[in-house]
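Reproduced below: work00.txt, with compact mmCIF, C-alpha atoms and all ligand atoms.
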# COMPACT_ATOMS: atom_id res chain seq x y z
CA MET A 1 -79.31 143.07 18.75
CA ARG A 2 -82.74 141.95 19.92
CA SER A 3 -85.33 144.71 20.28
CA ILE A 4 -87.86 144.73 23.12
CA SER A 5 -90.78 146.72 24.50
CA ILE A 6 -92.40 146.42 27.93
CA PHE A 7 -96.04 147.44 28.34
CA GLY A 8 -96.81 147.92 32.04
CA ALA A 9 -93.09 148.27 32.84
CA THR A 10 -93.68 149.87 36.25
CA GLY A 11 -95.87 147.03 37.59
CA SER A 12 -94.94 143.82 39.35
CA ILE A 13 -94.48 141.80 36.12
CA GLY A 14 -92.84 144.81 34.46
CA GLU A 15 -90.29 145.07 37.29
CA SER A 16 -89.45 141.37 37.05
CA THR A 17 -89.04 141.69 33.29
CA PHE A 18 -86.82 144.75 33.71
CA ASP A 19 -84.72 142.82 36.24
CA LEU A 20 -84.13 139.97 33.77
CA ILE A 21 -83.32 142.37 30.93
CA MET A 22 -80.81 144.28 33.09
CA ARG A 23 -79.17 141.06 34.29
CA GLY A 24 -79.05 139.88 30.68
CA GLY A 25 -76.88 142.86 29.67
CA GLY A 26 -79.37 145.77 29.68
CA PRO A 27 -78.76 148.32 26.93
CA GLU A 28 -75.64 146.48 25.75
CA ALA A 29 -77.68 143.38 24.91
CA TYR A 30 -81.14 144.76 24.07
CA ARG A 31 -82.42 147.68 22.07
CA THR A 32 -85.42 149.01 24.00
CA VAL A 33 -88.11 150.47 21.78
CA ALA A 34 -90.85 151.46 24.25
CA LEU A 35 -91.60 151.33 27.95
CA THR A 36 -95.06 152.20 29.26
CA GLY A 37 -96.53 152.90 32.69
CA ALA A 38 -99.34 154.87 34.23
CA ARG A 39 -98.90 156.84 37.49
CA ASN A 40 -95.42 155.83 38.63
CA ILE A 41 -93.52 158.43 36.61
CA PRO A 42 -90.24 158.45 38.59
CA ARG A 43 -89.83 154.71 38.11
CA LEU A 44 -90.82 154.82 34.43
CA ALA A 45 -88.22 157.54 33.79
CA GLN A 46 -85.56 155.65 35.76
CA MET A 47 -86.19 152.47 33.74
CA ALA A 48 -86.23 154.37 30.44
CA ARG A 49 -82.85 155.94 31.25
CA ALA A 50 -81.36 152.63 32.43
CA LEU A 51 -82.37 150.89 29.20
CA ASN A 52 -81.85 153.95 27.00
CA ALA A 53 -85.36 153.46 25.59
CA GLU A 54 -86.47 155.23 22.44
CA LEU A 55 -89.88 156.08 23.89
CA ALA A 56 -91.56 156.28 27.32
CA VAL A 57 -95.35 156.51 27.54
CA THR A 58 -97.69 157.15 30.46
CA ALA A 59 -101.36 156.17 30.24
CA HIS A 60 -102.40 159.53 31.72
CA GLU A 61 -102.22 162.91 29.96
CA ASP A 62 -101.89 164.73 33.30
CA CYS A 63 -98.65 162.82 33.98
CA LEU A 64 -96.95 163.96 30.78
CA PRO A 65 -95.32 167.16 32.18
CA ALA A 66 -93.75 165.16 35.03
CA LEU A 67 -92.49 162.53 32.57
CA ARG A 68 -91.01 165.25 30.33
CA ASP A 69 -89.26 166.80 33.34
CA ALA A 70 -87.91 163.47 34.52
CA LEU A 71 -86.51 162.65 31.08
CA ALA A 72 -85.21 166.12 30.21
CA GLY A 73 -81.87 165.99 28.39
CA SER A 74 -82.03 162.21 27.87
CA GLY A 75 -83.16 162.31 24.24
CA ILE A 76 -85.92 159.82 25.11
CA GLU A 77 -89.27 160.63 23.46
CA CYS A 78 -92.28 161.05 25.76
CA ALA A 79 -95.98 160.57 25.11
CA ALA A 80 -99.24 160.13 27.05
CA GLY A 81 -102.70 158.58 26.77
CA ALA A 82 -104.25 155.29 25.70
CA ASN A 83 -103.75 156.13 22.01
CA ALA A 84 -100.07 156.87 22.58
CA ILE A 85 -99.70 153.45 24.24
CA ALA A 86 -101.36 151.80 21.23
CA GLU A 87 -99.05 153.77 18.92
CA ALA A 88 -96.05 152.62 20.94
CA ALA A 89 -97.20 149.07 20.11
CA ASP A 90 -97.10 150.00 16.41
CA ARG A 91 -93.33 150.39 16.67
CA PRO A 92 -91.83 147.02 15.75
CA ALA A 93 -89.97 145.07 18.43
CA ASP A 94 -88.81 141.45 18.35
CA TRP A 95 -90.10 140.68 21.85
CA VAL A 96 -92.93 142.50 23.61
CA MET A 97 -94.06 142.03 27.20
CA SER A 98 -97.80 142.61 27.65
CA ALA A 99 -98.09 143.40 31.38
CA ILE A 100 -100.63 146.21 31.62
CA VAL A 101 -103.32 145.29 34.15
CA GLY A 102 -106.93 144.86 32.96
CA ALA A 103 -108.69 145.14 29.61
CA ALA A 104 -106.50 148.19 28.84
CA GLY A 105 -103.87 145.64 27.77
CA LEU A 106 -105.96 144.30 24.89
CA VAL A 107 -105.45 146.93 22.18
CA PRO A 108 -101.67 147.32 22.66
CA GLY A 109 -101.32 143.51 22.57
CA LEU A 110 -103.32 143.22 19.35
CA ARG A 111 -101.32 146.02 17.72
CA ALA A 112 -97.97 144.51 18.78
CA LEU A 113 -98.91 141.16 17.20
CA ARG A 114 -99.10 142.83 13.80
CA HIS A 115 -95.30 142.93 13.53
CA GLY A 116 -95.07 139.16 13.59
CA GLY A 117 -92.69 139.12 16.58
CA THR A 118 -93.20 137.50 19.98
CA LEU A 119 -95.82 138.69 22.44
CA ALA A 120 -95.19 137.46 25.98
CA LEU A 121 -98.66 137.60 27.46
CA ALA A 122 -99.03 138.29 31.17
CA ASN A 123 -102.22 140.25 30.53
CA LYS A 124 -104.68 137.35 30.89
CA GLU A 125 -107.59 139.80 30.64
CA SER A 126 -106.98 140.17 26.89
CA LEU A 127 -107.36 136.40 26.34
CA VAL A 128 -110.50 136.29 28.50
CA THR A 129 -111.97 139.33 26.76
CA ALA A 130 -111.03 138.49 23.17
CA GLY A 131 -109.28 135.11 22.99
CA PRO A 132 -110.33 134.14 19.44
CA LEU A 133 -109.42 137.59 18.11
CA LEU A 134 -105.99 137.55 19.75
CA LEU A 135 -105.18 134.07 18.42
CA ALA A 136 -106.46 134.89 14.93
CA THR A 137 -104.36 138.08 14.86
CA ALA A 138 -101.24 136.16 15.92
CA ALA A 139 -101.90 133.53 13.23
CA ARG A 140 -102.62 136.12 10.55
CA TYR A 141 -99.35 138.01 11.10
CA GLY A 142 -97.21 134.96 11.90
CA ALA A 143 -96.58 136.21 15.44
CA THR A 144 -95.71 134.01 18.41
CA LEU A 145 -97.92 134.25 21.48
CA LEU A 146 -96.31 132.90 24.65
CA PRO A 147 -98.01 132.54 28.03
CA VAL A 148 -96.47 134.26 31.05
CA ASP A 149 -99.08 133.42 33.68
CA SER A 150 -97.28 130.81 35.80
CA GLU A 151 -99.92 128.09 35.37
CA HIS A 152 -100.09 128.57 31.62
CA SER A 153 -96.34 128.68 31.22
CA ALA A 154 -96.33 125.42 33.20
CA VAL A 155 -98.91 123.80 30.88
CA PHE A 156 -97.02 125.08 27.83
CA GLN A 157 -93.78 123.58 29.15
CA ALA A 158 -95.44 120.24 29.97
CA LEU A 159 -96.76 120.10 26.40
CA VAL A 160 -93.43 120.63 24.63
CA GLY A 161 -92.85 117.64 22.35
CA GLU A 162 -96.24 116.11 23.20
CA ASP A 163 -99.16 115.27 20.95
CA LYS A 164 -102.01 117.51 22.12
CA SER A 165 -104.58 114.90 21.11
CA ALA A 166 -103.09 112.60 23.78
CA VAL A 167 -104.00 115.07 26.53
CA GLU A 168 -106.85 113.94 28.74
CA ARG A 169 -106.87 116.70 31.33
CA VAL A 170 -105.14 119.87 32.40
CA ILE A 171 -105.04 120.81 36.05
CA ILE A 172 -104.12 124.32 37.13
CA THR A 173 -103.34 124.94 40.78
CA ALA A 174 -104.62 127.70 43.06
CA SER A 175 -103.01 128.68 46.34
CA GLY A 176 -106.46 129.25 47.84
CA GLY A 177 -105.34 132.73 48.90
CA PRO A 178 -105.50 134.24 52.38
CA PHE A 179 -109.12 133.15 53.02
CA ARG A 180 -108.80 129.48 52.10
CA SER A 181 -109.98 128.35 55.53
CA PHE A 182 -112.24 131.29 56.43
CA THR A 183 -115.86 130.51 57.33
CA MET A 184 -118.66 132.14 55.35
CA GLU A 185 -119.29 134.36 58.37
CA GLN A 186 -115.66 135.51 58.51
CA MET A 187 -115.83 136.24 54.79
CA GLN A 188 -118.63 138.80 55.28
CA SER A 189 -116.24 141.40 56.69
CA ILE A 190 -113.05 141.00 54.61
CA THR A 191 -111.30 144.33 53.95
CA PRO A 192 -109.22 145.29 50.86
CA ALA A 193 -106.08 145.46 53.05
CA GLN A 194 -106.62 141.82 54.13
CA ALA A 195 -107.37 140.70 50.56
CA MET A 196 -104.17 142.27 49.23
CA LYS A 197 -101.92 140.04 51.33
CA HIS A 198 -101.19 136.97 49.25
CA PRO A 199 -99.62 134.09 51.20
CA ASN A 200 -97.08 133.05 48.52
CA TRP A 201 -96.80 135.50 45.63
CA SER A 202 -95.85 139.16 45.53
CA MET A 203 -98.06 140.74 42.84
CA GLY A 204 -99.92 143.91 41.89
CA GLN A 205 -102.83 145.02 44.09
CA ARG A 206 -105.60 144.01 41.68
CA ILE A 207 -104.42 140.49 40.90
CA SER A 208 -103.74 139.90 44.62
CA ILE A 209 -107.37 140.67 45.47
CA ASP A 210 -108.52 138.58 42.49
CA SER A 211 -106.47 135.70 43.87
CA ALA A 212 -108.15 136.03 47.26
CA SER A 213 -111.64 135.90 45.67
CA MET A 214 -110.53 133.22 43.18
CA PHE A 215 -111.58 135.51 40.34
CA ASN A 216 -107.96 135.24 39.24
CA LYS A 217 -108.34 131.46 38.95
CA ALA A 218 -111.66 131.98 37.17
CA LEU A 219 -109.90 134.18 34.59
CA GLU A 220 -107.19 131.53 34.34
CA LEU A 221 -109.70 128.74 33.64
CA ILE A 222 -110.98 130.76 30.67
CA GLU A 223 -107.40 131.65 29.72
CA THR A 224 -106.51 127.93 29.60
CA ARG A 225 -109.48 127.22 27.40
CA GLU A 226 -108.72 130.09 25.03
CA PHE A 227 -104.94 129.69 24.84
CA PHE A 228 -104.70 125.91 24.45
CA GLY A 229 -108.15 125.14 23.03
CA PHE A 230 -108.98 122.35 25.49
CA ASP A 231 -112.63 121.57 26.22
CA PRO A 232 -113.88 123.10 29.45
CA ASP A 233 -114.52 119.66 30.97
CA GLN A 234 -110.83 118.76 30.45
CA ILE A 235 -109.70 121.68 32.62
CA GLU A 236 -109.63 121.34 36.40
CA VAL A 237 -108.63 123.56 39.31
CA ILE A 238 -107.06 122.16 42.46
CA THR A 239 -106.14 124.10 45.57
CA HIS A 240 -102.49 123.60 46.47
CA PRO A 241 -101.53 125.94 49.33
CA GLN A 242 -97.74 125.70 48.84
CA SER A 243 -97.81 127.08 45.22
CA ILE A 244 -94.94 124.79 44.20
CA ILE A 245 -96.73 122.85 41.48
CA HIS A 246 -98.18 125.35 39.03
CA ALA A 247 -100.00 123.02 36.66
CA LEU A 248 -100.25 119.35 35.65
CA VAL A 249 -101.06 117.76 32.31
CA GLY A 250 -102.59 114.28 32.27
CA PHE A 251 -102.19 112.03 29.20
CA CYS A 252 -104.22 109.14 27.80
CA ASP A 253 -101.72 106.57 29.15
CA GLY A 254 -102.38 107.69 32.72
CA GLY A 255 -99.14 109.63 33.12
CA ILE A 256 -99.21 113.14 34.53
CA MET A 257 -96.50 115.75 33.92
CA ALA A 258 -96.29 118.31 36.72
CA HIS A 259 -94.41 121.59 36.57
CA LEU A 260 -92.73 122.68 39.81
CA GLY A 261 -90.97 125.91 40.63
CA PRO A 262 -90.61 128.60 43.28
CA ALA A 263 -93.29 131.32 43.46
CA ASP A 264 -91.21 133.77 41.42
CA MET A 265 -92.63 135.10 38.15
CA ARG A 266 -89.13 135.53 36.75
CA HIS A 267 -89.13 131.83 35.86
CA ALA A 268 -92.14 132.12 33.53
CA ILE A 269 -90.99 135.51 32.18
CA GLY A 270 -87.49 134.12 31.60
CA PHE A 271 -88.93 131.09 29.84
CA ALA A 272 -90.83 133.38 27.45
CA LEU A 273 -87.77 135.61 26.99
CA HIS A 274 -85.43 132.76 26.04
CA TRP A 275 -87.93 130.57 24.15
CA PRO A 276 -87.32 128.33 22.16
CA HIS A 277 -84.16 127.84 24.24
CA ARG A 278 -83.65 127.66 27.98
CA GLY A 279 -81.63 130.50 29.54
CA ASP A 280 -80.29 130.97 33.07
CA VAL A 281 -82.83 132.60 35.36
CA PRO A 282 -81.82 133.64 38.90
CA VAL A 283 -84.76 132.18 40.81
CA GLU A 284 -84.30 130.23 44.02
CA ARG A 285 -83.80 126.49 43.45
CA LEU A 286 -86.30 124.21 45.21
CA ASP A 287 -85.11 122.16 48.15
CA LEU A 288 -87.56 119.25 48.07
CA ALA A 289 -86.44 117.73 51.37
CA ARG A 290 -87.12 121.03 53.11
CA LEU A 291 -90.51 121.35 51.46
CA ALA A 292 -91.39 117.89 52.80
CA SER A 293 -95.06 117.86 51.80
CA LEU A 294 -97.33 119.14 49.09
CA GLU A 295 -101.04 119.37 49.89
CA PHE A 296 -104.10 119.42 47.64
CA GLU A 297 -107.80 120.02 48.21
CA ALA A 298 -110.86 120.72 46.08
CA PRO A 299 -111.81 124.44 45.98
CA ASP A 300 -115.07 125.26 47.78
CA PRO A 301 -117.65 126.38 45.19
CA VAL A 302 -119.90 127.95 47.82
CA ARG A 303 -117.37 130.34 49.35
CA PHE A 304 -115.68 130.97 45.98
CA PRO A 305 -118.46 131.24 43.34
CA ALA A 306 -116.08 132.80 40.77
CA LEU A 307 -115.09 129.37 39.42
CA ARG A 308 -118.72 128.44 38.74
CA LEU A 309 -119.22 131.74 36.90
CA ALA A 310 -116.14 131.00 34.77
CA ARG A 311 -117.66 127.62 33.83
CA ASP A 312 -120.83 129.45 32.67
CA VAL A 313 -118.67 131.78 30.58
CA MET A 314 -116.77 128.89 29.00
CA ALA A 315 -120.07 127.21 28.08
CA MET A 316 -121.48 130.41 26.60
CA ARG A 317 -118.36 131.84 24.90
CA GLY A 318 -119.28 134.58 22.39
CA LEU A 319 -118.96 137.91 24.15
CA SER A 320 -119.42 136.51 27.64
CA GLY A 321 -115.68 136.59 28.42
CA ALA A 322 -115.58 140.32 27.63
CA ALA A 323 -118.62 140.88 29.86
CA PHE A 324 -117.22 138.72 32.65
CA ASN A 325 -113.88 140.52 32.75
CA ALA A 326 -115.41 144.01 32.56
CA ALA A 327 -117.95 143.24 35.31
CA LYS A 328 -115.18 141.80 37.45
CA GLU A 329 -113.08 144.97 36.99
CA ILE A 330 -116.00 147.19 38.07
CA ALA A 331 -116.80 144.93 41.03
CA LEU A 332 -113.14 145.04 42.07
CA ASP A 333 -113.11 148.86 41.82
CA GLY A 334 -116.25 148.84 44.02
CA PHE A 335 -114.61 146.60 46.61
CA ILE A 336 -111.42 148.70 46.72
CA ALA A 337 -113.50 151.89 47.07
CA GLY A 338 -115.51 150.38 49.95
CA ASP A 339 -118.78 150.41 47.94
CA LEU A 340 -119.09 146.62 47.80
CA SER A 341 -118.29 143.75 50.15
CA PHE A 342 -115.83 141.01 49.28
CA LEU A 343 -118.65 138.52 48.62
CA GLY A 344 -120.64 141.23 46.83
CA MET A 345 -118.13 141.13 43.96
CA ALA A 346 -119.37 137.74 42.73
CA GLU A 347 -122.98 138.86 43.15
CA VAL A 348 -122.36 141.88 40.90
CA VAL A 349 -120.62 139.78 38.26
CA GLU A 350 -123.39 137.17 38.29
CA THR A 351 -126.14 139.80 38.08
CA THR A 352 -124.35 141.49 35.16
CA LEU A 353 -123.93 138.24 33.25
CA SER A 354 -127.53 137.15 33.75
CA GLN A 355 -128.91 140.55 32.76
CA LEU A 356 -126.84 140.67 29.58
CA SER A 357 -127.65 137.06 28.81
CA ARG A 358 -131.40 137.72 29.15
CA GLN A 359 -131.00 140.52 26.59
CA ASN A 360 -129.29 137.96 24.30
CA SER A 361 -126.24 140.23 24.14
CA LEU A 362 -123.66 137.59 25.00
CA GLN A 363 -124.31 134.77 22.57
CA ILE A 364 -122.89 136.70 19.61
CA ASP A 365 -119.53 135.49 18.30
CA ALA A 366 -116.99 138.23 18.80
CA THR A 367 -115.46 138.73 15.40
CA THR A 368 -114.24 142.30 15.61
CA LEU A 369 -112.48 144.45 18.16
CA GLU A 370 -115.42 146.84 17.99
CA ASP A 371 -117.86 144.09 19.14
CA VAL A 372 -115.58 143.31 22.05
CA LEU A 373 -115.07 146.94 23.09
CA ASN A 374 -118.82 147.63 22.84
CA MET A 375 -119.52 144.69 25.13
CA ASP A 376 -116.77 145.78 27.52
CA HIS A 377 -118.46 149.20 27.72
CA LEU A 378 -122.00 147.81 28.13
CA ALA A 379 -120.91 145.34 30.82
CA ARG A 380 -119.14 148.11 32.76
CA GLU A 381 -122.34 150.20 32.76
CA THR A 382 -124.48 147.21 33.73
CA ALA A 383 -122.08 146.25 36.51
CA ALA A 384 -121.92 149.83 37.83
CA ASP A 385 -125.74 149.78 38.10
CA ALA A 386 -125.52 146.41 39.86
CA VAL A 387 -123.09 147.91 42.40
CA LYS A 388 -125.60 150.72 43.07
CA SER A 389 -128.48 148.24 43.50
CA TRP A 390 -126.32 146.16 45.79
CA GLN A 391 -125.69 149.20 48.01
CA GLN A 392 -129.40 150.10 48.08
CA GLY A 393 -130.33 146.54 48.98
CA ARG A 394 -128.07 146.51 52.03
P1 LIG A 401 -99.48 145.94 38.53
O1 LIG A 401 -100.70 146.59 39.06
O2 LIG A 401 -98.33 145.70 39.43
O3 LIG A 401 -98.93 146.77 37.26
C1 LIG A 401 -99.78 147.17 36.24
C2 LIG A 401 -99.04 147.97 35.19
O4 LIG A 401 -99.98 148.56 34.29
C3 LIG A 401 -98.26 149.16 35.76
O5 LIG A 401 -97.17 149.43 34.91
C4 LIG A 401 -99.27 150.30 35.70
O6 LIG A 401 -98.66 151.58 35.73
C5 LIG A 401 -99.92 150.00 34.36
N1 LIG A 401 -101.29 150.47 34.22
C6 LIG A 401 -102.26 150.55 35.16
N2 LIG A 401 -103.39 150.99 34.62
C7 LIG A 401 -103.13 151.21 33.30
C8 LIG A 401 -103.93 151.69 32.20
N3 LIG A 401 -105.21 152.03 32.34
N4 LIG A 401 -103.34 151.78 30.99
C9 LIG A 401 -102.04 151.46 30.82
N5 LIG A 401 -101.25 151.01 31.81
C10 LIG A 401 -101.80 150.89 33.04
O7 LIG A 401 -99.96 144.57 37.85
P2 LIG A 401 -99.19 143.18 37.73
O8 LIG A 401 -97.81 143.41 37.23
O9 LIG A 401 -99.40 142.40 38.95
O10 LIG A 401 -100.05 142.48 36.60
C11 LIG A 401 -99.95 142.84 35.23
C12 LIG A 401 -100.67 141.81 34.39
O11 LIG A 401 -100.02 140.55 34.55
C13 LIG A 401 -102.13 141.59 34.80
O12 LIG A 401 -102.87 141.30 33.66
C14 LIG A 401 -102.06 140.36 35.70
O13 LIG A 401 -103.25 139.62 35.70
C15 LIG A 401 -100.94 139.59 35.03
N6 LIG A 401 -100.23 138.65 35.90
C16 LIG A 401 -99.54 139.13 36.98
C17 LIG A 401 -98.86 138.25 37.82
C18 LIG A 401 -98.04 138.76 38.97
O14 LIG A 401 -97.34 137.97 39.61
N7 LIG A 401 -98.05 140.03 39.29
C19 LIG A 401 -98.90 136.80 37.59
C20 LIG A 401 -99.62 136.41 36.40
C21 LIG A 401 -100.26 137.30 35.60
P3 LIG A 401 -98.29 152.38 37.11
O15 LIG A 401 -97.80 151.35 38.09
O16 LIG A 401 -97.19 153.30 36.65
O17 LIG A 401 -99.47 153.12 37.59
MG MG A 402 -101.45 132.69 37.55
Spell out the structure here as structure tokens.
Ligand code: NDP
Ligand code: MG
Amino acid sequence: MRSISIFGATGSIGESTFDLIMRGGGPEAYRTVALTGARNIPRLAQMARALNAELAVTAHEDCLPALRDALAGSGIECAAGANAIAEAADRPADWVMSAIVGAAGLVPGLRALRHGGTLALANKESLVTAGPLLLATAARYGATLLPVDSEHSAVFQALVGEDKSAVERVIITASGGPFRSFTMEQMQSITPAQAMKHPNWSMGQRISIDSASMFNKALELIETREFFGFDPDQIEVITHPQSIIHALVGFCDGGIMAHLGPADMRHAIGFALHWPHRGDVPVERLDLARLASLEFEAPDPVRFPALRLARDVMAMRGLSGAAFNAAKEIALDGFIAGDLSFLGMAEVVETTLSQLSRQNSLQIDATTLEDVLNMDHLARETAADAVKSWQQGR
């Protein structure tokens, strides 16, 4: 029986993963080692009971009594805190879903790789923050790292059986989000509630806002570079409002392989779950005649500066990815809290990167987890100061 763990089980990706596992036979077909969540204790307990998990972990100590209550009499072990989540990753499982949101997903992902199993990586932040470390850890322990982000799963699928040296370009698509055709003036007053409404995908709150600002696509540019090792100038972003084509790979003979699918993450999760085979996944089948047309346009670098910042990060490498992601997380917190405007998020990230770069803190090659976590911490402090200065300058 295949053993699995789901980190971030109660989130949007976690729910889709749970759905596929239940449809695939649930506890009769899979042995569930660990499920983790944060605040949604009732759902975490429900999932743990449904899959008869060995262990359920919440990220927050104050949620532990509620988790214990909800799992009383089930025989399922309970634990709480960031360390307990990392320890849950120390328990071997054949297939692990990494779907915690933010840099908090990095340590559990690294620890899970040490068993040499498969890590299905939805948590793009860990590749942006510590790509070389993650890949080196996978290689060292003979683990398999599979992309779950839809664009990266698409690129991965287009590359199966291909010679990577024949690849000329990789194009990832962006929906353009809810503000694709907003004017700069309209963009001054965007609220978090508006930014959370993605036109095509149903996702967690944070990634939805990142999609609206194109910070999600910025993270994905870096993710493409780190995961596949292509040069930054081989990687392009195109806005494609229908979100039907997820990525395209262009070869040296002029041919381009495109990956199409409905906007349902269960395709990419299912691909990672069944790899190296193809398994049935219950997503809607595309009706091309009904779709009729697919549109494309170049993203606007003025209204969406996140992509330019990602290019700077790809040129710099070193610890700049860790700084970029951490600053973005603080800026996003500021926007959600009402301390920062929508456009202010990019300003805070840019200020943070240029300050840290001037101190020569970024150009160091990240060789250890400690280097990465120190930079994550420093960038969060620098970005928090930048949020304060932004407010004072208003
Ligand atoms: P959600 O916000 O829906 O879920 C996040 C999960 O992480 C929840 O289980 C949440 O627990 C848990 N969590 C939150 N904070 C912490 C923390 N500090 N420590 C441990 N666990 C925590 O996010 P998504 O499912 O949308 O995204 C998850 C990851 O997948 C992200 O990295 C995102 O970029 C990536 N991704 C998501 C896609 C999507 O379609 N949603 C598409 C491609 C990539 P709780 O809910 O119990 O509080
Ligand atoms: Mg994506």
| message | List the spatial neighbours of Ser202 in chain A as a ChimeraX atom specification - criterion: any atom at most 10 Å away, only C-alpha atoms, same-chain residues fewer than 5 positions off excluded. | response | /A:12-13,196-197,207-208,263-265
| remark: Separating CA of Glu297 in chain A from CA of Ser243 in chain A, to the nearest tenth of an Å, is a gap of 12.6 Å
| Surroundings of ligand MG 402 (chain A) up to 8 Å, based on all atoms listed in the file, as a ChimeraX atom specification | /A:149-152,216-217,220
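Near ligand LIG 401 (chain A), the residues found within 6 Å are Gly8, Ala9, Thr10, Gly11, Ser12, Ile13, Gly14, Gly37, Ala38, Arg39, Asn40, Ala59, Ala99, Ile100, Val101, Gly102, Ala104, Ala122, Asn123, Lys124, Glu125, Asp149, Met203, Gly204, Gln205, Ile207 and Met265 of chain A (criterion computed using only C-alpha atoms and all ligand atoms).
Between CA of Leu133 in chain A and CA of Thr367 in chain A the interatomic distance comes to 6.7 Å.
With only C-alpha atoms as the atoms that count, the residue of A:Asp312, A:Glu185, A:Glu223, A:Glu162 with the shortest distance to Phe251 in chain A is A:Glu162.
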| Best match for closeness to Ile171 in chain A among A:Thr191, A:Gln363, A:Thr36, A:Thr239, counting only C-alpha atoms | A:Thr239
| said: I'd like the neighbourhood of range 386-394 of chain A as a list in words, where a residue qualifies if any of its atoms comes within 9 Å (using all atoms listed in the file), though same-chain residues fewer than 6 positions away should be ignored. | reply: Ile330, Ala331, Gly334, Asp339, Leu340, Gly344, Met345, Glu347, Val348, Val349, Thr351 and Thr352 of chain A
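CA of Arg2 in chain A sits 19.9 Å away from CA of His267 in chain A.
Between Ile6 in chain A and the candidates A:Ala247, A:Ala79, A:Leu119, A:Leu67, the tightest atom-to-atom separation, counting all atoms listed in the file, involves A:Leu119.
Checking A:Met214, A:Ala383, A:Ala268, A:Ala143 one by one against Pro301 in chain A, counting only C-alpha atoms, you find the shortest gap at A:Met214.
Among A:Ile85, A:Met97, A:Leu113, A:Leu219, the residue with the shortest atom-to-atom distance to Arg311 in chain A, counting all atoms listed in the file, is A:Leu219.
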| Between A:Ala88, A:Ala158, A:Ile209, A:Val237, which one has atoms that come closest to Phe342 in chain A, using only C-alpha atoms? | A:Ile209
| Near Ala136 in chain A, within 12 Å and counting only C-alpha atoms, which residues show up once chain neighbours fewer than 6 positions away are dropped, as a ChimeraX atom specification? | /A:110,113-114,127,130,142-145,226-227,366-369
| message | Neighbouring residues of Leu55 in chain A were defined as those with any atom within 10 Å, considering all atoms listed in the file; residues of the same chain fewer than 2 positions away were excluded. Please report them as a PyMOL selection string. | response | chain A and resi 5+32-36+48+52-53+57+75-79+88+91
Padding of 4 Å on every side, edges along x, y and z, all listed atoms of range 373-389 of chain A included: what centre and edge lengths in Å, to one decimal, does that box have, as lines of an AutoDock Vina configuration file?
center_x = -121.8
center_y = 147.7
center_z = 33.2
size_x = 21.4
size_y = 14.0
size_z = 28.7
